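Next up, model34.cif (mmCIF, C-alpha atoms):
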data_upload
loop_
_atom_site.label_atom_id
_atom_site.label_comp_id
_atom_site.auth_asym_id
_atom_site.auth_seq_id
_atom_site.Cartn_x
_atom_site.Cartn_y
_atom_site.Cartn_z
CA GLY A 1 111.74 -29.95 -158.92
CA GLU A 2 113.85 -27.38 -157.17
CA ASN A 3 112.72 -23.76 -156.75
CA VAL A 4 115.19 -21.01 -155.81
CA GLU A 5 114.05 -17.59 -154.63
CA GLN A 6 116.58 -14.73 -154.52
CA HIS A 7 116.33 -11.37 -152.74
CA PRO A 8 116.69 -8.50 -153.21
CA SER A 9 116.41 -8.00 -156.95
CA THR A 10 118.50 -4.82 -156.73
CA LEU A 11 120.89 -3.63 -154.05
CA SER A 12 122.65 -0.28 -153.90
CA VAL A 13 125.50 0.31 -151.46
CA GLN A 14 128.28 2.83 -150.92
CA GLU A 15 131.85 1.79 -151.53
CA GLY A 16 133.26 0.17 -148.40
CA ASP A 17 129.88 -1.02 -147.13
CA SER A 18 128.89 -4.67 -146.86
CA ALA A 19 126.34 -6.34 -149.12
CA VAL A 20 124.23 -9.40 -148.39
CA ILE A 21 122.17 -11.37 -150.91
CA LYS A 22 119.85 -14.12 -149.72
CA CYS A 23 118.45 -17.22 -151.42
CA THR A 24 116.02 -19.87 -150.32
CA TYR A 25 115.57 -23.30 -151.87
CA SER A 26 112.72 -25.76 -151.71
CA ASP A 27 114.19 -29.26 -151.98
CA SER A 28 115.90 -30.55 -148.85
CA ALA A 29 117.89 -32.98 -151.05
CA SER A 30 119.88 -30.06 -152.53
CA ASN A 31 123.54 -30.35 -151.58
CA TYR A 32 125.49 -27.86 -153.71
CA PHE A 33 125.03 -24.07 -153.76
CA PRO A 34 127.15 -21.92 -156.10
CA TRP A 35 127.16 -18.18 -156.65
CA TYR A 36 127.87 -16.69 -160.06
CA LYS A 37 128.81 -13.12 -160.93
CA GLN A 38 127.86 -11.62 -164.28
CA GLU A 39 129.30 -8.29 -165.30
CA LEU A 40 127.44 -6.25 -167.90
CA GLY A 41 127.64 -7.92 -171.30
CA LYS A 42 129.79 -10.78 -169.99
CA ARG A 43 129.28 -14.42 -169.20
CA PRO A 44 128.41 -15.68 -165.69
CA GLN A 45 131.44 -16.84 -163.70
CA LEU A 46 131.61 -18.84 -160.50
CA ILE A 47 132.84 -16.80 -157.54
CA ILE A 48 132.23 -19.13 -154.62
CA ASP A 49 130.32 -22.30 -153.82
CA ILE A 50 129.41 -24.35 -150.77
CA ARG A 51 128.39 -27.94 -150.22
CA SER A 52 125.80 -29.06 -147.73
CA ASN A 53 128.34 -30.55 -145.32
CA VAL A 54 129.79 -27.09 -144.64
CA GLY A 55 128.08 -24.17 -142.88
CA GLU A 56 130.30 -21.33 -144.07
CA LYS A 57 133.02 -20.69 -146.62
CA LYS A 58 135.19 -17.60 -147.11
CA ASP A 59 137.38 -16.34 -149.91
CA GLN A 60 138.95 -12.96 -149.16
CA ARG A 61 136.11 -10.40 -149.18
CA ILE A 62 133.34 -12.84 -150.06
CA ALA A 63 131.69 -15.49 -147.92
CA VAL A 64 128.74 -17.81 -148.21
CA THR A 65 126.70 -19.17 -145.33
CA LEU A 66 124.27 -22.10 -145.44
CA ASN A 67 121.40 -22.89 -143.09
CA LYS A 68 120.10 -26.34 -144.05
CA THR A 69 117.34 -26.32 -141.46
CA ALA A 70 115.84 -23.13 -142.83
CA LYS A 71 116.84 -24.01 -146.41
CA HIS A 72 118.52 -20.72 -147.14
CA PHE A 73 121.99 -19.54 -148.05
CA SER A 74 123.52 -16.09 -148.33
CA LEU A 75 126.35 -14.30 -150.10
CA HIS A 76 128.26 -11.72 -148.05
CA ILE A 77 130.58 -9.19 -149.66
CA THR A 78 132.60 -6.98 -147.33
CA GLU A 79 134.40 -3.73 -148.14
CA THR A 80 132.57 -3.43 -151.44
CA GLN A 81 134.33 -1.82 -154.40
CA PRO A 82 132.93 -0.35 -157.64
CA GLU A 83 134.21 -3.40 -159.53
CA ASP A 84 131.85 -5.55 -157.45
CA SER A 85 128.98 -3.97 -159.39
CA ALA A 86 127.36 -6.81 -161.34
CA VAL A 87 124.44 -9.21 -161.34
CA TYR A 88 124.83 -12.07 -158.87
CA PHE A 89 123.02 -15.38 -159.26
CA CYS A 90 122.58 -18.07 -156.67
CA ALA A 91 121.83 -21.66 -157.65
CA ALA A 92 121.10 -25.03 -156.11
CA ARG A 93 121.71 -28.60 -157.21
CA ILE A 94 119.71 -31.56 -155.97
CA GLY A 95 121.93 -34.46 -154.96
CA GLY A 96 122.26 -37.01 -157.77
CA TYR A 97 121.09 -34.59 -160.45
CA SER A 98 123.30 -32.98 -163.07
CA THR A 99 121.56 -29.61 -163.37
CA LEU A 100 121.45 -26.34 -161.46
CA THR A 101 118.37 -24.25 -160.70
CA PHE A 102 119.20 -20.55 -160.68
CA GLY A 103 117.64 -17.67 -158.81
CA LYS A 104 116.50 -14.66 -160.81
CA GLY A 105 119.52 -12.58 -159.91
CA THR A 106 120.45 -9.52 -157.85
CA MET A 107 121.84 -6.40 -159.46
CA LEU A 108 124.44 -4.96 -157.08
CA LEU A 109 125.42 -1.33 -157.60
CA VAL A 110 128.41 0.00 -155.65
CA SER A 111 128.71 3.76 -155.70
CA PRO A 112 132.11 5.42 -155.19
CA ASN B 1 142.64 -23.40 -174.15
CA ALA B 2 139.69 -21.52 -175.60
CA GLY B 3 137.28 -22.84 -172.94
CA VAL B 4 133.66 -22.63 -174.09
CA THR B 5 132.95 -20.85 -177.36
CA GLN B 6 129.67 -20.03 -179.07
CA THR B 7 128.82 -19.27 -182.67
CA PRO B 8 127.41 -16.84 -183.74
CA LYS B 9 127.64 -13.91 -181.29
CA PHE B 10 124.64 -12.09 -182.74
CA ARG B 11 121.80 -13.08 -185.03
CA VAL B 12 118.58 -11.52 -186.26
CA LEU B 13 115.89 -13.85 -187.57
CA LYS B 14 112.46 -13.33 -189.02
CA THR B 15 109.51 -15.21 -187.56
CA GLY B 16 109.39 -18.72 -188.97
CA GLN B 17 113.06 -18.93 -189.93
CA SER B 18 115.33 -21.61 -188.54
CA MET B 19 118.87 -21.53 -187.22
CA THR B 20 121.42 -23.53 -185.27
CA LEU B 21 123.62 -22.26 -182.47
CA LEU B 22 126.92 -24.02 -181.97
CA CYS B 23 128.66 -24.53 -178.65
CA ALA B 24 132.14 -26.00 -178.44
CA GLN B 25 134.33 -26.80 -175.43
CA ASP B 26 137.93 -27.98 -175.29
CA MET B 27 138.02 -29.02 -171.63
CA ASN B 28 136.89 -32.63 -172.19
CA HIS B 29 133.77 -31.99 -170.12
CA GLU B 30 131.06 -34.62 -170.03
CA TYR B 31 128.13 -32.33 -169.28
CA MET B 32 126.87 -29.52 -171.48
CA TYR B 33 123.93 -27.16 -171.08
CA TRP B 34 121.92 -24.57 -172.99
CA TYR B 35 120.32 -21.67 -171.08
CA ARG B 36 118.35 -18.64 -172.08
CA GLN B 37 118.61 -15.38 -170.17
CA ASP B 38 115.79 -12.85 -170.19
CA PRO B 39 115.58 -9.65 -168.10
CA GLY B 40 114.40 -10.42 -164.57
CA MET B 41 114.14 -14.16 -165.28
CA GLY B 42 117.61 -15.38 -164.45
CA LEU B 43 119.11 -18.32 -166.32
CA ARG B 44 116.60 -20.92 -167.44
CA LEU B 45 117.71 -24.34 -168.63
CA ILE B 46 116.54 -25.32 -172.12
CA HIS B 47 118.21 -28.69 -172.72
CA TYR B 48 121.25 -30.47 -171.42
CA SER B 49 123.47 -33.46 -172.14
CA VAL B 50 125.32 -35.77 -169.78
CA GLY B 51 127.50 -37.29 -172.47
CA GLU B 52 128.04 -37.79 -176.18
CA GLY B 53 124.84 -39.00 -177.85
CA THR B 54 122.58 -38.07 -174.93
CA THR B 55 120.19 -35.15 -174.47
CA ALA B 56 117.50 -34.26 -171.96
CA LYS B 57 114.87 -31.55 -171.52
CA GLY B 58 115.28 -28.73 -169.09
CA GLU B 59 112.84 -26.19 -167.72
CA VAL B 60 111.88 -24.47 -171.02
CA PRO B 61 112.45 -26.93 -173.90
CA ASP B 62 109.50 -26.09 -176.16
CA GLY B 63 110.47 -24.77 -179.59
CA TYR B 64 114.07 -25.99 -179.34
CA ASN B 65 115.95 -29.13 -180.29
CA VAL B 66 119.51 -30.19 -179.47
CA SER B 67 122.12 -32.67 -180.58
CA ARG B 68 125.40 -33.92 -179.07
CA LEU B 69 127.03 -35.94 -181.82
CA LYS B 70 130.54 -35.17 -180.58
CA LYS B 71 131.63 -34.81 -176.98
CA GLN B 72 133.04 -31.33 -177.54
CA ASN B 73 130.01 -29.88 -179.38
CA PHE B 74 126.43 -29.16 -178.35
CA LEU B 75 124.05 -27.72 -180.94
CA LEU B 76 120.84 -25.83 -180.22
CA GLY B 77 118.29 -25.61 -183.03
CA LEU B 78 115.27 -23.40 -183.56
CA GLU B 79 113.07 -24.93 -186.26
CA SER B 80 110.56 -22.07 -186.57
CA ALA B 81 111.65 -18.98 -184.68
CA ALA B 82 109.11 -16.92 -182.74
CA PRO B 83 109.45 -13.43 -181.20
CA SER B 84 109.20 -15.08 -177.75
CA GLN B 85 112.58 -16.70 -178.47
CA THR B 86 114.30 -13.34 -178.53
CA SER B 87 116.86 -13.75 -175.78
CA VAL B 88 120.51 -14.18 -174.90
CA TYR B 89 121.55 -17.83 -175.12
CA PHE B 90 124.38 -19.22 -173.02
CA CYS B 91 126.03 -22.56 -173.35
CA ALA B 92 127.86 -24.08 -170.39
CA SER B 93 129.86 -27.20 -169.67
CA SER B 94 131.05 -29.03 -166.58
CA TYR B 95 132.97 -32.07 -165.49
CA GLN B 96 131.18 -35.26 -164.66
CA ALA B 97 129.24 -34.75 -161.45
CA GLY B 98 131.21 -35.72 -158.38
CA VAL B 99 134.49 -34.40 -159.75
CA SER B 100 133.51 -30.75 -159.91
CA TYR B 101 130.14 -29.16 -160.23
CA GLU B 102 131.36 -25.80 -161.61
CA GLN B 103 129.72 -24.81 -164.88
CA TYR B 104 131.86 -22.86 -167.34
CA PHE B 105 129.86 -20.52 -169.56
CA GLY B 106 130.39 -19.41 -173.12
CA PRO B 107 130.24 -15.72 -174.11
CA GLY B 108 126.59 -15.90 -175.18
CA THR B 109 124.60 -15.42 -178.38
CA ARG B 110 122.18 -12.52 -178.66
CA LEU B 111 119.22 -13.57 -180.80
CA THR B 112 116.51 -11.23 -182.00
CA VAL B 113 113.41 -12.58 -183.74
CA THR B 114 111.34 -9.98 -185.58
#

Please express what this file holds, its structure, as structure tokens.
Amino acid sequence: GENVEQHPSTLSVQEGDSAVIKCTYSDSASNYFPWYKQELGKRPQLIIDIRSNVGEKKDQRIAVTLNKTAKHFSLHITETQPEDSAVYFCAARIGGYSTLTFGKGTMLLVSP
Amino acid sequence: NAGVTQTPKFRVLKTGQSMTLLCAQDMNHEYMYWYRQDPGMGLRLIHYSVGEGTTAKGEVPDGYNVSRLKKQNFLLGLESAAPSQTSVYFCASSYQAGVSYEQYFGPGTRLTVT
């Protein structure tokens, strides 16, 4: 099955800095890579996703990049704000399967 | 639309007791999932269903059973609760694969087994 490794486990930045979270996956048949944000005490919510036929996707201050050769993908948040503080999860889906495998999460702390 | 709802929000059980968690969705989604979330462990899949009347095991199925008798409901059962099942349980649903892969999560159920 798929294995997803996520780093770092915690990340502290100053407001306005950029933050980068990296994930690696093991199965080259994976073709869908979402990122979920979970605020304290809340449910996970999708913030951005990318499919394997695309190398990069942006949505305002967040972007995701995918390197299929190296089997890793990254979340980039620019101009961080205190409300970006949350736990972020990456995930991967093997083509033809109906389930996601999640990384263990990164706690992002943005200090004012 | 209520989206994905879970009942109850909190529950305390004693070792050996049983209970059922209910997940309901009003988005006509085919796929439904049960996860558990433990500190530092991320979201781990317990069981899932790809349609009414179907269920399948996920990564950590032991000690749990599920049923999907109606398309909109997915039940998670603990027959004999153990302290190791203390966790936050999330239900999620999604469209049939190929239409959209996004999973929509419920608000979670915090379960404590003493």

Just so the selection is clear, what residues does the PyMOL selection byres ((chain A) within 12 of (chain B)) cover here, as a PDB file with C-alpha atoms, in the coordinates of the input?
ATOM      1  CA  GLY A   1     111.740 -29.950-158.920  1.00  0.00           C
ATOM      2  CA  GLU A   2     113.850 -27.380-157.170  1.00  0.00           C
ATOM      3  CA  ASN A   3     112.720 -23.760-156.750  1.00  0.00           C
ATOM      4  CA  VAL A   4     115.190 -21.010-155.810  1.00  0.00           C
ATOM      5  CA  GLU A   5     114.050 -17.590-154.630  1.00  0.00           C
ATOM      6  CA  GLN A   6     116.580 -14.730-154.520  1.00  0.00           C
ATOM      7  CA  PRO A   8     116.690  -8.500-153.210  1.00  0.00           C
ATOM      8  CA  SER A   9     116.410  -8.000-156.950  1.00  0.00           C
ATOM      9  CA  THR A  10     118.500  -4.820-156.730  1.00  0.00           C
ATOM     10  CA  ASN A  31     123.540 -30.350-151.580  1.00  0.00           C
ATOM     11  CA  TYR A  32     125.490 -27.860-153.710  1.00  0.00           C
ATOM     12  CA  PHE A  33     125.030 -24.070-153.760  1.00  0.00           C
ATOM     13  CA  PRO A  34     127.150 -21.920-156.100  1.00  0.00           C
ATOM     14  CA  TRP A  35     127.160 -18.180-156.650  1.00  0.00           C
ATOM     15  CA  TYR A  36     127.870 -16.690-160.060  1.00  0.00           C
ATOM     16  CA  LYS A  37     128.810 -13.120-160.930  1.00  0.00           C
ATOM     17  CA  GLN A  38     127.860 -11.620-164.280  1.00  0.00           C
ATOM     18  CA  GLU A  39     129.300  -8.290-165.300  1.00  0.00           C
ATOM     19  CA  LEU A  40     127.440  -6.250-167.900  1.00  0.00           C
ATOM     20  CA  GLY A  41     127.640  -7.920-171.300  1.00  0.00           C
ATOM     21  CA  LYS A  42     129.790 -10.780-169.990  1.00  0.00           C
ATOM     22  CA  ARG A  43     129.280 -14.420-169.200  1.00  0.00           C
ATOM     23  CA  PRO A  44     128.410 -15.680-165.690  1.00  0.00           C
ATOM     24  CA  GLN A  45     131.440 -16.840-163.700  1.00  0.00           C
ATOM     25  CA  LEU A  46     131.610 -18.840-160.500  1.00  0.00           C
ATOM     26  CA  ILE A  47     132.840 -16.800-157.540  1.00  0.00           C
ATOM     27  CA  ILE A  48     132.230 -19.130-154.620  1.00  0.00           C
ATOM     28  CA  ASP A  49     130.320 -22.300-153.820  1.00  0.00           C
ATOM     29  CA  ILE A  50     129.410 -24.350-150.770  1.00  0.00           C
ATOM     30  CA  ARG A  51     128.390 -27.940-150.220  1.00  0.00           C
ATOM     31  CA  VAL A  87     124.440  -9.210-161.340  1.00  0.00           C
ATOM     32  CA  TYR A  88     124.830 -12.070-158.870  1.00  0.00           C
ATOM     33  CA  PHE A  89     123.020 -15.380-159.260  1.00  0.00           C
ATOM     34  CA  CYS A  90     122.580 -18.070-156.670  1.00  0.00           C
ATOM     35  CA  ALA A  91     121.830 -21.660-157.650  1.00  0.00           C
ATOM     36  CA  ALA A  92     121.100 -25.030-156.110  1.00  0.00           C
ATOM     37  CA  ARG A  93     121.710 -28.600-157.210  1.00  0.00           C
ATOM     38  CA  ILE A  94     119.710 -31.560-155.970  1.00  0.00           C
ATOM     39  CA  GLY A  95     121.930 -34.460-154.960  1.00  0.00           C
ATOM     40  CA  GLY A  96     122.260 -37.010-157.770  1.00  0.00           C
ATOM     41  CA  TYR A  97     121.090 -34.590-160.450  1.00  0.00           C
ATOM     42  CA  SER A  98     123.300 -32.980-163.070  1.00  0.00           C
ATOM     43  CA  THR A  99     121.560 -29.610-163.370  1.00  0.00           C
ATOM     44  CA  LEU A 100     121.450 -26.340-161.460  1.00  0.00           C
ATOM     45  CA  THR A 101     118.370 -24.250-160.700  1.00  0.00           C
ATOM     46  CA  PHE A 102     119.200 -20.550-160.680  1.00  0.00           C
ATOM     47  CA  GLY A 103     117.640 -17.670-158.810  1.00  0.00           C
ATOM     48  CA  LYS A 104     116.500 -14.660-160.810  1.00  0.00           C
ATOM     49  CA  GLY A 105     119.520 -12.580-159.910  1.00  0.00           C
ATOM     50  CA  THR A 106     120.450  -9.520-157.850  1.00  0.00           C
ATOM     51  CA  MET A 107     121.840  -6.400-159.460  1.00  0.00           C
TER      52      MET A 107
END

>> Tell me which residues come within 9 Å of (111.2, -13.1, -177.3), as number ranges by chain, counting all atoms listed in the file in the file's coordinates.
In response: B: 38, 82-87, 111-114

Using all atoms of range 18-36 of chain A listed in the file and a margin of 8 Å per side, can you give the axis-aligned box centre and edge lengths in Å to one decimal, as JSON?
{"center_x": 120.8, "center_y": -18.8, "center_z": -153.5, "size_x": 32.2, "size_y": 44.3, "size_z": 29.2}

>> If I take CA of Glu56 in chain A and CA of Lys71 in chain A, how far is one from the other in Å, to one decimal?
In response: 13.9 Å

>> Using Å and a single decimal, report how far CA of Tyr35 in chain B sits from CA of Ser26 in chain A.
In response: 21.2 Å

Any idea what's packed within 6 Å of Cys23 in chain B, counting all atoms listed in the file, ignoring anything in its chain fewer than 3 positions away? Could you give it as an mmCIF file with C-alpha atoms, keeping the file's coordinate frame?
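Listed below is the output, result32.cif:
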data_model
loop_
_atom_site.group_PDB
_atom_site.id
_atom_site.type_symbol
_atom_site.label_atom_id
_atom_site.label_comp_id
_atom_site.auth_asym_id
_atom_site.auth_seq_id
_atom_site.Cartn_x
_atom_site.Cartn_y
_atom_site.Cartn_z
ATOM 1 C CA THR B 5 132.950 -20.850 -177.360
ATOM 2 C CA GLN B 6 129.670 -20.030 -179.070
ATOM 3 C CA ASN B 73 130.010 -29.880 -179.380
ATOM 4 C CA PHE B 74 126.430 -29.160 -178.350
#

>> Once the PyMOL selection byres ((chain B and resi 52) around 9) is applied to the coordinates I shared, what remains selected? I want it as a PyMOL selection string.
In response: chain B and resi 30-31+49-51+53-55+67-73

Contacts of Met27 in chain B at 9 Å or less, counting all atoms listed in the file, minus same-chain residues fewer than 5 places along, as a PDB file with C-alpha atoms, keeping the file's coordinate frame?
ATOM      1  CA  ASN B   1     142.640 -23.400-174.150  1.00  0.00           C
ATOM      2  CA  ALA B   2     139.690 -21.520-175.600  1.00  0.00           C
ATOM      3  CA  GLY B   3     137.280 -22.840-172.940  1.00  0.00           C
ATOM      4  CA  VAL B   4     133.660 -22.630-174.090  1.00  0.00           C
ATOM      5  CA  GLN B  72     133.040 -31.330-177.540  1.00  0.00           C
ATOM      6  CA  SER B  93     129.860 -27.200-169.670  1.00  0.00           C
ATOM      7  CA  SER B  94     131.050 -29.030-166.580  1.00  0.00           C
ATOM      8  CA  TYR B  95     132.970 -32.070-165.490  1.00  0.00           C
TER       9      TYR B  95
END

>> Need the shell around Gly63 in chain B: protein/DNA/RNA residues with any atom at most 8 Å away, counting all atoms listed in the file. Skip same-chain ones fewer than 4 positions apart. Format as a PyMOL selection string?
In response: chain B and resi 78-81

> If you measure from CA of Cys23 in chain A to CA of Asp84 in chain A, what distance in Å do you get, rounded to one decimal?
Replying inline: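 CA of Asp84 in chain A lies 18.8 Å from CA of Cys23 in chain A.
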
Please identify all polymer residues within 8 Å of Pro8 in chain B, counting all atoms listed in the file, omitting same-chain residues fewer than 3 positions from it, and present them as a PDB file with C-alpha atoms, in the coordinates of the input.
ATOM      1  CA  ARG B  11     121.800 -13.080-185.030  1.00  0.00           C
ATOM      2  CA  LEU B  21     123.620 -22.260-182.470  1.00  0.00           C
ATOM      3  CA  LEU B  22     126.920 -24.020-181.970  1.00  0.00           C
ATOM      4  CA  THR B 109     124.600 -15.420-178.380  1.00  0.00           C
TER       5      THR B 109
END

>> I'd like the residues picked by the PyMOL selection byres ((chain A and resi 63) around 10) written out as a PyMOL selection string, using the chain letters and numbers from the file.
In response: chain A and resi 20+47-50+56-62+64-65+74-78
